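work-v2.cif (mmCIF, C-alpha atoms and all ligand atoms)
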data_coords
#
loop_
_atom_site.group_PDB
_atom_site.id
_atom_site.type_symbol
_atom_site.label_atom_id
_atom_site.label_comp_id
_atom_site.auth_asym_id
_atom_site.auth_seq_id
_atom_site.Cartn_x
_atom_site.Cartn_y
_atom_site.Cartn_z
ATOM 1 C CA MET A 1 0.000 0.000 0.000
ATOM 2 C CA MET A 2 1.222 3.501 -0.860
ATOM 3 C CA SER A 3 2.385 5.426 2.191
ATOM 4 C CA ILE A 4 -0.424 7.588 3.489
ATOM 5 C CA LYS A 5 -0.072 10.607 5.722
ATOM 6 C CA HIS A 6 -2.309 10.479 8.775
ATOM 7 C CA PHE A 7 -2.774 13.092 11.522
ATOM 8 C CA LEU A 8 -3.261 10.910 14.590
ATOM 9 C CA GLN A 9 -1.148 13.006 16.932
ATOM 10 C CA PHE A 10 0.460 16.417 16.634
ATOM 11 C CA ASN A 11 3.970 15.114 16.017
ATOM 12 C CA ASP A 12 2.853 13.087 12.998
ATOM 13 C CA LEU A 13 3.733 16.289 11.132
ATOM 14 C CA ASN A 14 7.053 18.119 11.417
ATOM 15 C CA GLY A 15 7.574 21.840 11.994
ATOM 16 C CA ASP A 16 7.858 22.605 8.262
ATOM 17 C CA GLU A 17 4.596 20.829 7.523
ATOM 18 C CA ILE A 18 2.783 22.544 10.402
ATOM 19 C CA ASN A 19 4.052 25.968 9.332
ATOM 20 C CA TYR A 20 3.007 25.228 5.752
ATOM 21 C CA ILE A 21 -0.502 24.349 7.044
ATOM 22 C CA PHE A 22 -0.617 27.656 8.946
ATOM 23 C CA GLU A 23 0.307 29.560 5.759
ATOM 24 C CA ARG A 24 -2.367 27.749 3.814
ATOM 25 C CA ALA A 25 -4.901 28.299 6.613
ATOM 26 C CA ALA A 26 -4.305 32.059 6.442
ATOM 27 C CA TRP A 27 -4.787 32.038 2.660
ATOM 28 C CA ILE A 28 -7.849 29.764 2.791
ATOM 29 C CA LYS A 29 -9.344 31.938 5.539
ATOM 30 C CA ALA A 30 -8.865 35.048 3.386
ATOM 31 C CA GLN A 31 -10.673 33.354 0.469
ATOM 32 C CA PHE A 32 -13.545 32.438 2.766
ATOM 33 C CA LYS A 33 -13.769 35.926 4.248
ATOM 34 C CA GLY A 34 -13.733 37.381 0.712
ATOM 35 C CA TYR A 35 -16.577 35.084 -0.405
ATOM 36 C CA LYS A 36 -14.225 33.537 -2.989
ATOM 37 C CA LYS A 37 -14.944 30.017 -4.128
ATOM 38 C CA TYR A 38 -12.053 27.592 -3.614
ATOM 39 C CA TRP A 39 -12.879 24.000 -4.502
ATOM 40 C CA PRO A 40 -9.677 21.928 -4.526
ATOM 41 C CA LEU A 41 -11.485 18.909 -3.053
ATOM 42 C CA GLU A 42 -14.352 18.725 -5.540
ATOM 43 C CA ASP A 43 -15.770 15.172 -5.678
ATOM 44 C CA ARG A 44 -13.853 14.129 -2.541
ATOM 45 C CA THR A 45 -15.721 12.634 0.393
ATOM 46 C CA LEU A 46 -14.870 12.942 4.078
ATOM 47 C CA VAL A 47 -16.350 10.403 6.494
ATOM 48 C CA MET A 48 -16.643 11.619 10.088
ATOM 49 C CA ILE A 49 -17.034 8.985 12.800
ATOM 50 C CA PHE A 50 -18.125 10.165 16.250
ATOM 51 C CA GLU A 51 -18.082 7.969 19.344
ATOM 52 C CA LYS A 52 -18.293 11.047 21.595
ATOM 53 C CA ALA A 53 -20.397 14.211 21.421
ATOM 54 C CA SER A 54 -19.276 17.254 19.434
ATOM 55 C CA THR A 55 -20.434 20.652 18.257
ATOM 56 C CA ARG A 56 -17.298 22.413 16.955
ATOM 57 C CA THR A 57 -15.465 19.440 15.498
ATOM 58 C CA ARG A 58 -18.421 18.156 13.529
ATOM 59 C CA LEU A 59 -19.427 21.573 12.301
ATOM 60 C CA SER A 60 -15.936 22.709 11.309
ATOM 61 C CA PHE A 61 -15.124 19.499 9.419
ATOM 62 C CA GLU A 62 -18.509 19.247 7.744
ATOM 63 C CA ALA A 63 -18.721 22.917 6.761
ATOM 64 C CA GLY A 64 -15.030 22.929 5.843
ATOM 65 C CA MET A 65 -15.337 19.993 3.467
ATOM 66 C CA HIS A 66 -18.361 21.567 1.760
ATOM 67 C CA GLN A 67 -16.518 24.862 1.411
ATOM 68 C CA LEU A 68 -13.622 23.041 -0.307
ATOM 69 C CA GLY A 69 -16.052 21.576 -2.835
ATOM 70 C CA GLY A 70 -16.341 18.103 -1.288
ATOM 71 C CA ALA A 71 -18.939 16.204 0.697
ATOM 72 C CA ALA A 72 -18.987 15.057 4.315
ATOM 73 C CA ILE A 73 -20.818 12.074 5.805
ATOM 74 C CA TYR A 74 -21.540 11.802 9.534
ATOM 75 C CA LEU A 75 -21.548 8.405 11.237
ATOM 76 C CA ASN A 76 -21.942 7.693 14.911
ATOM 77 C CA THR A 77 -21.752 4.540 16.944
ATOM 78 C CA ARG A 78 -25.416 4.644 17.971
ATOM 79 C CA ASP A 79 -26.927 4.015 14.565
ATOM 80 C CA SER A 80 -24.143 2.360 12.566
ATOM 81 C CA GLN A 81 -22.624 -1.119 12.880
ATOM 82 C CA LEU A 82 -19.601 0.493 14.563
ATOM 83 C CA GLY A 83 -21.342 0.358 17.937
ATOM 84 C CA ARG A 84 -22.331 -3.265 17.526
ATOM 85 C CA GLY A 85 -18.930 -4.876 17.667
ATOM 86 C CA GLU A 86 -17.782 -4.860 14.048
ATOM 87 C CA PRO A 87 -13.977 -4.968 14.276
ATOM 88 C CA VAL A 88 -12.324 -1.585 13.762
ATOM 89 C CA GLU A 89 -10.065 -3.183 11.152
ATOM 90 C CA ASP A 90 -13.053 -4.331 9.071
ATOM 91 C CA ALA A 91 -14.751 -0.962 9.367
ATOM 92 C CA ALA A 92 -11.540 0.734 8.189
ATOM 93 C CA GLN A 93 -11.312 -1.525 5.140
ATOM 94 C CA VAL A 94 -14.877 -0.768 4.106
ATOM 95 C CA ILE A 95 -15.099 2.931 4.956
ATOM 96 C CA SER A 96 -11.783 3.754 3.309
ATOM 97 C CA ARG A 97 -12.866 2.076 0.037
ATOM 98 C CA MET A 98 -15.811 4.457 -0.230
ATOM 99 C CA SER A 99 -14.228 7.730 0.822
ATOM 100 C CA ASP A 100 -11.134 9.881 0.416
ATOM 101 C CA LEU A 101 -10.539 10.970 3.997
ATOM 102 C CA VAL A 102 -11.701 9.875 7.466
ATOM 103 C CA MET A 103 -11.968 11.852 10.709
ATOM 104 C CA ILE A 104 -12.537 9.950 13.955
ATOM 105 C CA ARG A 105 -13.478 11.059 17.474
ATOM 106 C CA THR A 106 -13.168 8.122 19.833
ATOM 107 C CA TYR A 107 -11.879 6.849 23.179
ATOM 108 C CA GLU A 108 -8.451 5.178 23.223
ATOM 109 C CA GLN A 109 -5.772 6.303 20.796
ATOM 110 C CA SER A 110 -5.209 2.612 19.993
ATOM 111 C CA ILE A 111 -8.614 2.528 18.245
ATOM 112 C CA ILE A 112 -7.688 5.261 15.788
ATOM 113 C CA GLU A 113 -4.272 3.673 15.261
ATOM 114 C CA ARG A 114 -5.868 0.328 14.388
ATOM 115 C CA PHE A 115 -8.240 2.092 12.024
ATOM 116 C CA ALA A 116 -5.380 3.979 10.328
ATOM 117 C CA ALA A 117 -3.315 0.807 9.949
ATOM 118 C CA ASN A 118 -6.144 -0.670 7.857
ATOM 119 C CA SER A 119 -7.191 2.458 5.990
ATOM 120 C CA ARG A 120 -6.532 3.222 2.325
ATOM 121 C CA VAL A 121 -7.022 6.928 2.960
ATOM 122 C CA PRO A 122 -5.670 9.513 5.441
ATOM 123 C CA VAL A 123 -7.139 9.453 8.940
ATOM 124 C CA ILE A 124 -7.469 12.544 11.157
ATOM 125 C CA ASN A 125 -7.783 12.483 14.950
ATOM 126 C CA GLY A 126 -10.850 14.536 15.920
ATOM 127 C CA LEU A 127 -10.116 13.866 19.645
ATOM 128 C CA THR A 128 -9.167 10.769 21.602
ATOM 129 C CA ASN A 129 -8.647 10.271 25.325
ATOM 130 C CA GLU A 130 -4.962 10.999 24.705
ATOM 131 C CA TYR A 131 -4.847 13.791 22.087
ATOM 132 C CA HIS A 132 -6.736 16.601 20.344
ATOM 133 C CA PRO A 133 -4.311 17.681 17.603
ATOM 134 C CA CYS A 134 -6.764 19.655 15.413
ATOM 135 C CA GLN A 135 -7.615 21.888 18.370
ATOM 136 C CA ILE A 136 -3.969 22.696 19.044
ATOM 137 C CA LEU A 137 -3.463 23.524 15.360
ATOM 138 C CA ALA A 138 -6.275 26.068 15.730
ATOM 139 C CA ASP A 139 -4.934 27.389 19.028
ATOM 140 C CA ILE A 140 -1.417 27.991 17.746
ATOM 141 C CA PHE A 141 -2.713 29.485 14.500
ATOM 142 C CA THR A 142 -4.777 31.873 16.649
ATOM 143 C CA TYR A 143 -1.722 32.742 18.729
ATOM 144 C CA ILE A 144 0.292 33.497 15.585
ATOM 145 C CA GLU A 145 -2.504 35.651 14.143
ATOM 146 C CA LYS A 146 -2.698 37.696 17.330
ATOM 147 C CA LYS A 147 0.919 37.816 18.446
ATOM 148 C CA GLY A 148 3.273 36.498 15.742
ATOM 149 C CA VAL A 149 5.804 33.670 16.227
ATOM 150 C CA ILE A 150 5.244 31.181 19.033
ATOM 151 C CA LYS A 151 8.834 29.916 19.048
ATOM 152 C CA GLY A 152 10.465 30.687 22.404
ATOM 153 C CA LYS A 153 7.195 31.812 24.031
ATOM 154 C CA THR A 154 5.703 30.378 27.239
ATOM 155 C CA VAL A 155 2.308 28.697 27.387
ATOM 156 C CA ALA A 156 0.846 28.009 30.852
ATOM 157 C CA TRP A 157 -1.405 24.972 31.094
ATOM 158 C CA ILE A 158 -3.576 24.995 34.228
ATOM 159 C CA GLY A 159 -5.612 21.931 35.243
ATOM 160 C CA ASP A 160 -5.960 18.398 33.967
ATOM 161 C CA SER A 161 -3.166 16.563 32.155
ATOM 162 C CA ASN A 162 -5.695 15.507 29.524
ATOM 163 C CA ASN A 163 -5.805 15.162 25.737
ATOM 164 C CA MET A 164 -5.374 18.931 25.297
ATOM 165 C CA CYS A 165 -2.408 19.129 27.668
ATOM 166 C CA ASN A 166 -0.649 16.147 26.036
ATOM 167 C CA THR A 167 -1.069 17.719 22.627
ATOM 168 C CA TRP A 168 0.237 21.105 23.770
ATOM 169 C CA LEU A 169 3.322 19.288 25.106
ATOM 170 C CA GLN A 170 3.929 17.625 21.749
ATOM 171 C CA ALA A 171 3.413 20.911 19.924
ATOM 172 C CA ALA A 172 6.007 22.595 22.160
ATOM 173 C CA GLU A 173 8.566 20.038 20.955
ATOM 174 C CA VAL A 174 7.632 20.395 17.306
ATOM 175 C CA LEU A 175 7.486 24.217 17.273
ATOM 176 C CA ASP A 176 10.071 24.977 19.973
ATOM 177 C CA PHE A 177 8.166 26.866 22.663
ATOM 178 C CA ASN A 178 7.897 26.301 26.436
ATOM 179 C CA MET A 179 5.126 24.693 28.440
ATOM 180 C CA HIS A 180 4.578 25.523 32.118
ATOM 181 C CA VAL A 181 2.123 22.967 33.474
ATOM 182 C CA SER A 182 0.344 22.857 36.811
ATOM 183 C CA THR A 183 -1.989 19.992 37.677
ATOM 184 C CA PRO A 184 -3.369 18.910 41.060
ATOM 185 C CA PRO A 185 -1.420 16.150 42.814
ATOM 186 C CA ASP A 186 -2.154 12.711 41.310
ATOM 187 C CA TYR A 187 -3.177 14.266 37.980
ATOM 188 C CA GLU A 188 0.361 14.934 36.735
ATOM 189 C CA VAL A 189 1.458 14.568 33.128
ATOM 190 C CA GLU A 190 2.402 11.026 32.160
ATOM 191 C CA PRO A 191 5.200 11.554 29.611
ATOM 192 C CA GLU A 192 4.668 8.143 28.056
ATOM 193 C CA ARG A 193 0.967 8.773 27.514
ATOM 194 C CA ALA A 194 1.855 12.118 25.960
ATOM 195 C CA ASN A 195 4.420 10.269 23.803
ATOM 196 C CA LEU A 196 7.200 12.558 25.034
ATOM 197 C CA TYR A 197 10.774 11.473 25.420
ATOM 198 C CA GLY A 198 13.391 13.574 27.192
ATOM 199 C CA THR A 199 11.687 16.869 26.466
ATOM 200 C CA ASP A 200 13.303 20.095 27.592
ATOM 201 C CA HIS A 201 10.290 22.208 26.603
ATOM 202 C CA PHE A 202 8.224 21.369 29.637
ATOM 203 C CA GLU A 203 8.329 22.377 33.305
ATOM 204 C CA GLU A 204 5.918 21.333 36.052
ATOM 205 C CA PHE A 205 4.737 23.637 38.860
ATOM 206 C CA LYS A 206 2.924 22.658 42.047
ATOM 207 C CA ASP A 207 1.308 26.071 42.353
ATOM 208 C CA PRO A 208 -0.750 27.162 39.324
ATOM 209 C CA MET A 209 0.155 30.816 40.028
ATOM 210 C CA ASP A 210 3.816 29.937 39.467
ATOM 211 C CA ALA A 211 2.961 28.245 36.172
ATOM 212 C CA ALA A 212 1.091 31.352 34.985
ATOM 213 C CA GLN A 213 3.873 33.738 36.052
ATOM 214 C CA GLY A 214 5.118 35.678 33.014
ATOM 215 C CA ALA A 215 3.255 33.446 30.525
ATOM 216 C CA ASP A 216 2.429 34.671 27.015
ATOM 217 C CA LEU A 217 -0.666 32.490 26.880
ATOM 218 C CA VAL A 218 -2.732 30.975 29.700
ATOM 219 C CA THR A 219 -4.955 28.067 28.803
ATOM 220 C CA THR A 220 -7.090 25.460 30.511
ATOM 221 C CA ASP A 221 -9.845 22.939 29.867
ATOM 222 C CA VAL A 222 -12.695 21.218 31.695
ATOM 223 C CA TRP A 223 -11.865 19.402 34.914
ATOM 224 C CA THR A 224 -13.637 16.275 33.656
ATOM 225 C CA SER A 225 -13.200 15.196 30.043
ATOM 226 C CA MET A 226 -15.663 13.096 28.059
ATOM 227 C CA GLY A 227 -15.494 9.475 29.112
ATOM 228 C CA PHE A 228 -14.425 10.296 32.689
ATOM 229 C CA GLU A 229 -17.817 11.477 33.974
ATOM 230 C CA SER A 230 -17.813 8.977 36.866
ATOM 231 C CA GLU A 231 -14.920 10.965 38.403
ATOM 232 C CA ASN A 232 -16.816 14.248 38.236
ATOM 233 C CA GLU A 233 -17.529 14.747 41.944
ATOM 234 C CA GLU A 234 -14.018 13.836 43.041
ATOM 235 C CA ARG A 235 -12.472 16.052 40.386
ATOM 236 C CA ARG A 236 -14.592 19.026 41.405
ATOM 237 C CA LYS A 237 -12.907 18.879 44.824
ATOM 238 C CA ASP A 238 -9.414 18.035 43.582
ATOM 239 C CA PHE A 239 -9.343 20.816 40.972
ATOM 240 C CA ALA A 240 -10.925 23.603 43.058
ATOM 241 C CA ASP A 241 -7.631 25.574 43.244
ATOM 242 C CA TRP A 242 -6.869 25.110 39.528
ATOM 243 C CA GLN A 243 -9.185 27.808 38.305
ATOM 244 C CA VAL A 244 -8.001 30.526 35.920
ATOM 245 C CA ASP A 245 -9.214 33.784 37.444
ATOM 246 C CA ALA A 246 -8.335 37.482 37.202
ATOM 247 C CA ASP A 247 -5.566 37.177 39.826
ATOM 248 C CA MET A 248 -3.927 34.443 37.808
ATOM 249 C CA MET A 249 -4.140 36.451 34.587
ATOM 250 C CA LYS A 250 -2.516 39.347 36.465
ATOM 251 C CA VAL A 251 0.706 37.397 37.083
ATOM 252 C CA ALA A 252 0.942 36.423 33.392
ATOM 253 C CA LYS A 253 2.290 38.962 30.856
ATOM 254 C CA LYS A 254 0.114 42.056 30.716
ATOM 255 C CA ASP A 255 -1.100 41.276 27.200
ATOM 256 C CA ALA A 256 -1.214 37.483 27.695
ATOM 257 C CA LEU A 257 -3.936 35.678 25.779
ATOM 258 C CA PHE A 258 -6.460 33.338 27.360
ATOM 259 C CA MET A 259 -7.613 30.248 25.429
ATOM 260 C CA HIS A 260 -10.048 27.412 26.072
ATOM 261 C CA CYS A 261 -11.011 24.766 23.522
ATOM 262 C CA LEU A 262 -14.654 24.904 24.674
ATOM 263 C CA PRO A 263 -17.168 23.872 25.883
ATOM 264 C CA ALA A 264 -16.293 25.739 29.106
ATOM 265 C CA HIS A 265 -17.731 25.684 32.610
ATOM 266 C CA ARG A 266 -17.701 29.222 33.964
ATOM 267 C CA GLY A 267 -17.059 29.134 37.710
ATOM 268 C CA GLU A 268 -15.100 25.872 37.493
ATOM 269 C CA GLU A 269 -11.893 25.849 35.416
ATOM 270 C CA VAL A 270 -12.270 29.524 34.460
ATOM 271 C CA THR A 271 -14.124 32.522 35.850
ATOM 272 C CA ALA A 272 -16.601 34.411 33.676
ATOM 273 C CA ASP A 273 -14.576 37.638 33.881
ATOM 274 C CA VAL A 274 -11.571 35.892 32.309
ATOM 275 C CA ILE A 275 -13.282 33.902 29.551
ATOM 276 C CA ASP A 276 -15.531 36.856 28.688
ATOM 277 C CA GLY A 277 -12.772 39.407 29.328
ATOM 278 C CA PRO A 278 -10.399 41.377 27.087
ATOM 279 C CA ASN A 279 -7.551 38.813 27.007
ATOM 280 C CA SER A 280 -9.777 35.950 25.917
ATOM 281 C CA VAL A 281 -9.660 34.850 22.267
ATOM 282 C CA VAL A 282 -11.924 31.808 22.606
ATOM 283 C CA TRP A 283 -14.288 32.710 19.754
ATOM 284 C CA GLU A 284 -11.480 33.323 17.259
ATOM 285 C CA GLU A 285 -9.926 30.078 18.500
ATOM 286 C CA ALA A 286 -13.150 28.173 17.804
ATOM 287 C CA GLU A 287 -13.574 29.765 14.358
ATOM 288 C CA ASN A 288 -10.014 28.907 13.415
ATOM 289 C CA ARG A 289 -10.842 25.196 13.702
ATOM 290 C CA LEU A 290 -12.598 25.681 10.361
ATOM 291 C CA HIS A 291 -9.668 27.334 8.600
ATOM 292 C CA VAL A 292 -6.816 25.151 9.886
ATOM 293 C CA GLN A 293 -8.732 21.936 9.241
ATOM 294 C CA LYS A 294 -9.446 23.013 5.665
ATOM 295 C CA ALA A 295 -5.695 23.531 5.244
ATOM 296 C CA LEU A 296 -5.015 20.174 6.907
ATOM 297 C CA MET A 297 -7.453 18.313 4.639
ATOM 298 C CA GLU A 298 -5.970 20.014 1.581
ATOM 299 C CA TYR A 299 -2.465 18.994 2.676
ATOM 300 C CA LEU A 300 -3.316 15.369 3.498
ATOM 301 C CA LEU A 301 -5.113 14.900 0.161
ATOM 302 C CA LEU A 302 -3.122 17.061 -2.247
ATOM 303 C CA GLY A 303 0.260 17.565 -0.574
ATOM 304 C CA LYS A 304 1.932 20.945 -0.968
ATOM 305 C CA VAL A 305 0.020 22.886 -3.583
ATOM 306 C CA LYS A 306 2.311 25.952 -3.373
HETATM 307 N N1 LIG B 401 -13.317 21.962 21.131
HETATM 308 C C1 LIG B 401 -14.014 20.939 20.598
HETATM 309 O O1 LIG B 401 -13.451 19.971 20.081
HETATM 310 O O2 LIG B 401 -15.371 21.064 20.671
HETATM 311 P P1 LIG B 401 -16.482 19.974 20.355
HETATM 312 O O3 LIG B 401 -16.408 18.933 21.421
HETATM 313 O O4 LIG B 401 -17.766 20.738 20.359
HETATM 314 O O5 LIG B 401 -16.195 19.363 18.998
HETATM 315 N N1 LIG B 402 -10.709 17.561 27.214
HETATM 316 C C1 LIG B 402 -12.051 17.708 26.678
HETATM 317 C C2 LIG B 402 -12.015 18.439 25.385
HETATM 318 C C3 LIG B 402 -13.361 18.635 24.724
HETATM 319 C C4 LIG B 402 -13.276 19.308 23.396
HETATM 320 C C5 LIG B 402 -12.669 16.331 26.515
HETATM 321 O O1 LIG B 402 -11.966 15.417 26.076
HETATM 322 O O2 LIG B 402 -13.838 16.173 26.848
#

How does this structure look as structure tokens?
Ligand code: CP
Ligand code: NVA
Amino acid sequence: MMSIKHFLQFNDLNGDEINYIFERAAWIKAQFKGYKKYWPLEDRTLVMIFEKASTRTRLSFEAGMHQLGGAAIYLNTRDSQLGRGEPVEDAAQVISRMSDLVMIRTYEQSIIERFAANSRVPVINGLTNEYHPCQILADIFTYIEKKGVIKGKTVAWIGDSNNMCNTWLQAAEVLDFNMHVSTPPDYEVEPERANLYGTDHFEEFKDPMDAAQGADLVTTDVWTSMGFESENEERRKDFADWQVDADMMKVAKKDALFMHCLPAHRGEEVTADVIDGPNSVVWEEAENRLHVQKALMEYLLLGKVK
């Protein structure tokens, strides 16, 4: 089988490829904003498989594929054979014979890896328990739009060492910036789960205020991710001091940005005055999912077009 490029985790692409995608995203965004038709993926079909809920990911992939001239098909595990025990490998064989590109949101990373190993077409990770690479593409693209280069900057991650945190850590390696991470005790980063080896782009802080100190960007996520709902009550107690509030933003750089992948819980991981305040770029961040994923799909299907 011809070698296929997948995007299963952030470091599946190197720095040159990621920067190329950012350049394309800026150009594709400008076409969209100018109401200019750009249909490089005419007649191509994206299949989107969801095992977990989604608003932004579904919408941005589905709208994005239409805007590039292609079609998108939504499948979920409730009303397809995927939820009834058909082996992932068999599903991959069949789905990838009828489509050009597949996006999957699922539980364990191993599921998407098994799918990709049996797929004839590129596979994109639309969130797993371990990673959320499309979101971090959007986040860094947003940072670059607002502030310029991210290389050498400091991103403070406050809260759970979840799929978002793991992906930020990988991105720091690929794009050469620094991560300051603070999690509650017993929720620390597991370097192996993040697929990190000997990184020098990552520092851990017991006190979240120390992690935020001097940061260029402060970011967080829900205390309880999808699939971990049974831990909700316990996490509410354990994470109570890991809330991004105005005092925390004050110790970051004066013009530091605040990001959150959304959906957010005001009053838990972030206060309303921060997420709705002047440093927050959460709406631009959400919109940029559309533009970076269009650039990603173009790259995975057509390679470098410029
Ligand atoms: N941020 C994000 O992935 O949102 P959805 O869960 O709505 O897709
Ligand atoms: N960490 C969150 C992100 C949601 C987009 C989750 O996995 O539920």

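Minimum atom-to-atom distances from A:Ser60, A:Asn11, A:Asn279, A:Asn162 to ligand LIG 401 (chain B) were compared using all atoms listed in the file, and the lowest value belongs to A:Ser60.
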
| Spatial neighbours of range 24-33 of chain A, 9 Å, only C-alpha atoms, chain gap at least 4 places, as a ChimeraX atom specification | /A:19-20,37-38,67,141,145,288,290-296,298-299,306

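Counting from CA of Leu13 in chain A, the distance to CA of Ser96 in chain A is 21.4 Å.
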
| Distance query range 120-126 of chain A at most 6 Å, all atoms listed in the file, self and fewer than 2 positions along chain excluded, as a list of chain:residue names | A:Ile4, A:Lys5, A:His6, A:Phe7, A:Leu8, A:Ser96, A:Asp100, A:Leu101, A:Val102, A:Met103, A:Ile104, A:Arg105, A:Ala116

Please produce an output containing C-alpha atoms for each residue in the selection, written as a PDB file, in the coordinates of the input.
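Written file, again-v6.pdb:
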ATOM      1  CA  ILE A   4      -0.424   7.588   3.489  1.00  0.00           C
ATOM      2  CA  LYS A   5      -0.072  10.607   5.722  1.00  0.00           C
ATOM      3  CA  HIS A   6      -2.309  10.479   8.775  1.00  0.00           C
ATOM      4  CA  PHE A   7      -2.774  13.092  11.522  1.00  0.00           C
ATOM      5  CA  LEU A   8      -3.261  10.910  14.590  1.00  0.00           C
ATOM      6  CA  SER A  96     -11.783   3.754   3.309  1.00  0.00           C
ATOM      7  CA  ASP A 100     -11.134   9.881   0.416  1.00  0.00           C
ATOM      8  CA  LEU A 101     -10.539  10.970   3.997  1.00  0.00           C
ATOM      9  CA  VAL A 102     -11.701   9.875   7.466  1.00  0.00           C
ATOM     10  CA  MET A 103     -11.968  11.852  10.709  1.00  0.00           C
ATOM     11  CA  ILE A 104     -12.537   9.950  13.955  1.00  0.00           C
ATOM     12  CA  ARG A 105     -13.478  11.059  17.474  1.00  0.00           C
ATOM     13  CA  ALA A 116      -5.380   3.979  10.328  1.00  0.00           C
TER      14      ALA A 116
END

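Proximity to Val270 in chain A was assessed for A:Glu113, A:Gln243, A:Gly15, A:Phe258 counting only C-alpha atoms; the smallest distance is recorded for A:Gln243.
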
| task | May I ask which of the residues A:Ala117, A:Cys134, A:Ala63, A:Met179 is the closest one to ligand LIG 402 (chain B), counting all atoms listed in the file? | result | A:Cys134

Starting from the shown file, work through the PyMOL selection byres (((not hetatm)) within 10 of (chain B and resi 401)) and note down what comes out as a CSV table (one decimal) with C-alpha atoms, keeping the file's coordinate frame.
chain,number,residue,atom,x,y,z
A,50,PHE,CA,-18.1,10.2,16.2
A,52,LYS,CA,-18.3,11.0,21.6
A,53,ALA,CA,-20.4,14.2,21.4
A,54,SER,CA,-19.3,17.3,19.4
A,55,THR,CA,-20.4,20.7,18.3
A,56,ARG,CA,-17.3,22.4,17.0
A,57,THR,CA,-15.5,19.4,15.5
A,58,ARG,CA,-18.4,18.2,13.5
A,59,LEU,CA,-19.4,21.6,12.3
A,60,SER,CA,-15.9,22.7,11.3
A,61,PHE,CA,-15.1,19.5,9.4
A,105,ARG,CA,-13.5,11.1,17.5
A,126,GLY,CA,-10.8,14.5,15.9
A,127,LEU,CA,-10.1,13.9,19.6
A,132,HIS,CA,-6.7,16.6,20.3
A,133,PRO,CA,-4.3,17.7,17.6
A,134,CYS,CA,-6.8,19.7,15.4
A,135,GLN,CA,-7.6,21.9,18.4
A,136,ILE,CA,-4.0,22.7,19.0
A,138,ALA,CA,-6.3,26.1,15.7
A,164,MET,CA,-5.4,18.9,25.3
A,221,ASP,CA,-9.8,22.9,29.9
A,225,SER,CA,-13.2,15.2,30.0
A,226,MET,CA,-15.7,13.1,28.1
A,260,HIS,CA,-10.0,27.4,26.1
A,261,CYS,CA,-11.0,24.8,23.5
A,262,LEU,CA,-14.7,24.9,24.7
A,263,PRO,CA,-17.2,23.9,25.9
A,264,ALA,CA,-16.3,25.7,29.1
A,285,GLU,CA,-9.9,30.1,18.5
A,286,ALA,CA,-13.2,28.2,17.8
A,289,ARG,CA,-10.8,25.2,13.7

Could you tell me which residues the PyMOL selection byres (((chain A and resi 235) around 12) and not hetatm) grabs in this file, written as a PDB file with C-alpha atoms, in the coordinates of the input?
ATOM      1  CA  GLY A 159      -5.612  21.931  35.243  1.00  0.00           C
ATOM      2  CA  ASP A 160      -5.960  18.398  33.967  1.00  0.00           C
ATOM      3  CA  THR A 183      -1.989  19.992  37.677  1.00  0.00           C
ATOM      4  CA  PRO A 184      -3.369  18.910  41.060  1.00  0.00           C
ATOM      5  CA  PRO A 185      -1.420  16.150  42.814  1.00  0.00           C
ATOM      6  CA  ASP A 186      -2.154  12.711  41.310  1.00  0.00           C
ATOM      7  CA  TYR A 187      -3.177  14.266  37.980  1.00  0.00           C
ATOM      8  CA  VAL A 222     -12.695  21.218  31.695  1.00  0.00           C
ATOM      9  CA  TRP A 223     -11.865  19.402  34.914  1.00  0.00           C
ATOM     10  CA  THR A 224     -13.637  16.275  33.656  1.00  0.00           C
ATOM     11  CA  SER A 225     -13.200  15.196  30.043  1.00  0.00           C
ATOM     12  CA  PHE A 228     -14.425  10.296  32.689  1.00  0.00           C
ATOM     13  CA  GLU A 229     -17.817  11.477  33.974  1.00  0.00           C
ATOM     14  CA  SER A 230     -17.813   8.977  36.866  1.00  0.00           C
ATOM     15  CA  GLU A 231     -14.920  10.965  38.403  1.00  0.00           C
ATOM     16  CA  ASN A 232     -16.816  14.248  38.236  1.00  0.00           C
ATOM     17  CA  GLU A 233     -17.529  14.747  41.944  1.00  0.00           C
ATOM     18  CA  GLU A 234     -14.018  13.836  43.041  1.00  0.00           C
ATOM     19  CA  ARG A 236     -14.592  19.026  41.405  1.00  0.00           C
ATOM     20  CA  LYS A 237     -12.907  18.879  44.824  1.00  0.00           C
ATOM     21  CA  ASP A 238      -9.414  18.035  43.582  1.00  0.00           C
ATOM     22  CA  PHE A 239      -9.343  20.816  40.972  1.00  0.00           C
ATOM     23  CA  ALA A 240     -10.925  23.603  43.058  1.00  0.00           C
ATOM     24  CA  ASP A 241      -7.631  25.574  43.244  1.00  0.00           C
ATOM     25  CA  TRP A 242      -6.869  25.110  39.528  1.00  0.00           C
ATOM     26  CA  GLU A 268     -15.100  25.872  37.493  1.00  0.00           C
ATOM     27  CA  GLU A 269     -11.893  25.849  35.416  1.00  0.00           C
TER      28      GLU A 269
END

| task | With the file shown as input, list the residues that the PyMOL selection byres (((chain A and resi 198-214) around 9) and not hetatm) selects, as an MDAnalysis selection string. | result | chainID A and resid 154:159 169 172:173 176:185 188:189 191 196:197 215:218 241:244 247:254 256

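A straight line drawn from CA of Met259 in chain A to CA of Val282 in chain A is 5.4 Å long.
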
Report the centre and edge lengths, in Å to one decimal, of an axis-aligned box enclosing every atom of ligand LIG 402 (chain B) listed in the file, padded by 6 Å on each side, as JSON.
{"center_x": -12.3, "center_y": 17.4, "center_z": 25.3, "size_x": 15.1, "size_y": 15.9, "size_z": 15.8}

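Closest approach to ligand LIG 402 (chain B) among A:Cys165, A:Ile111, A:Leu46, A:Leu68 is made by A:Cys165 (distances from only C-alpha atoms and all ligand atoms).
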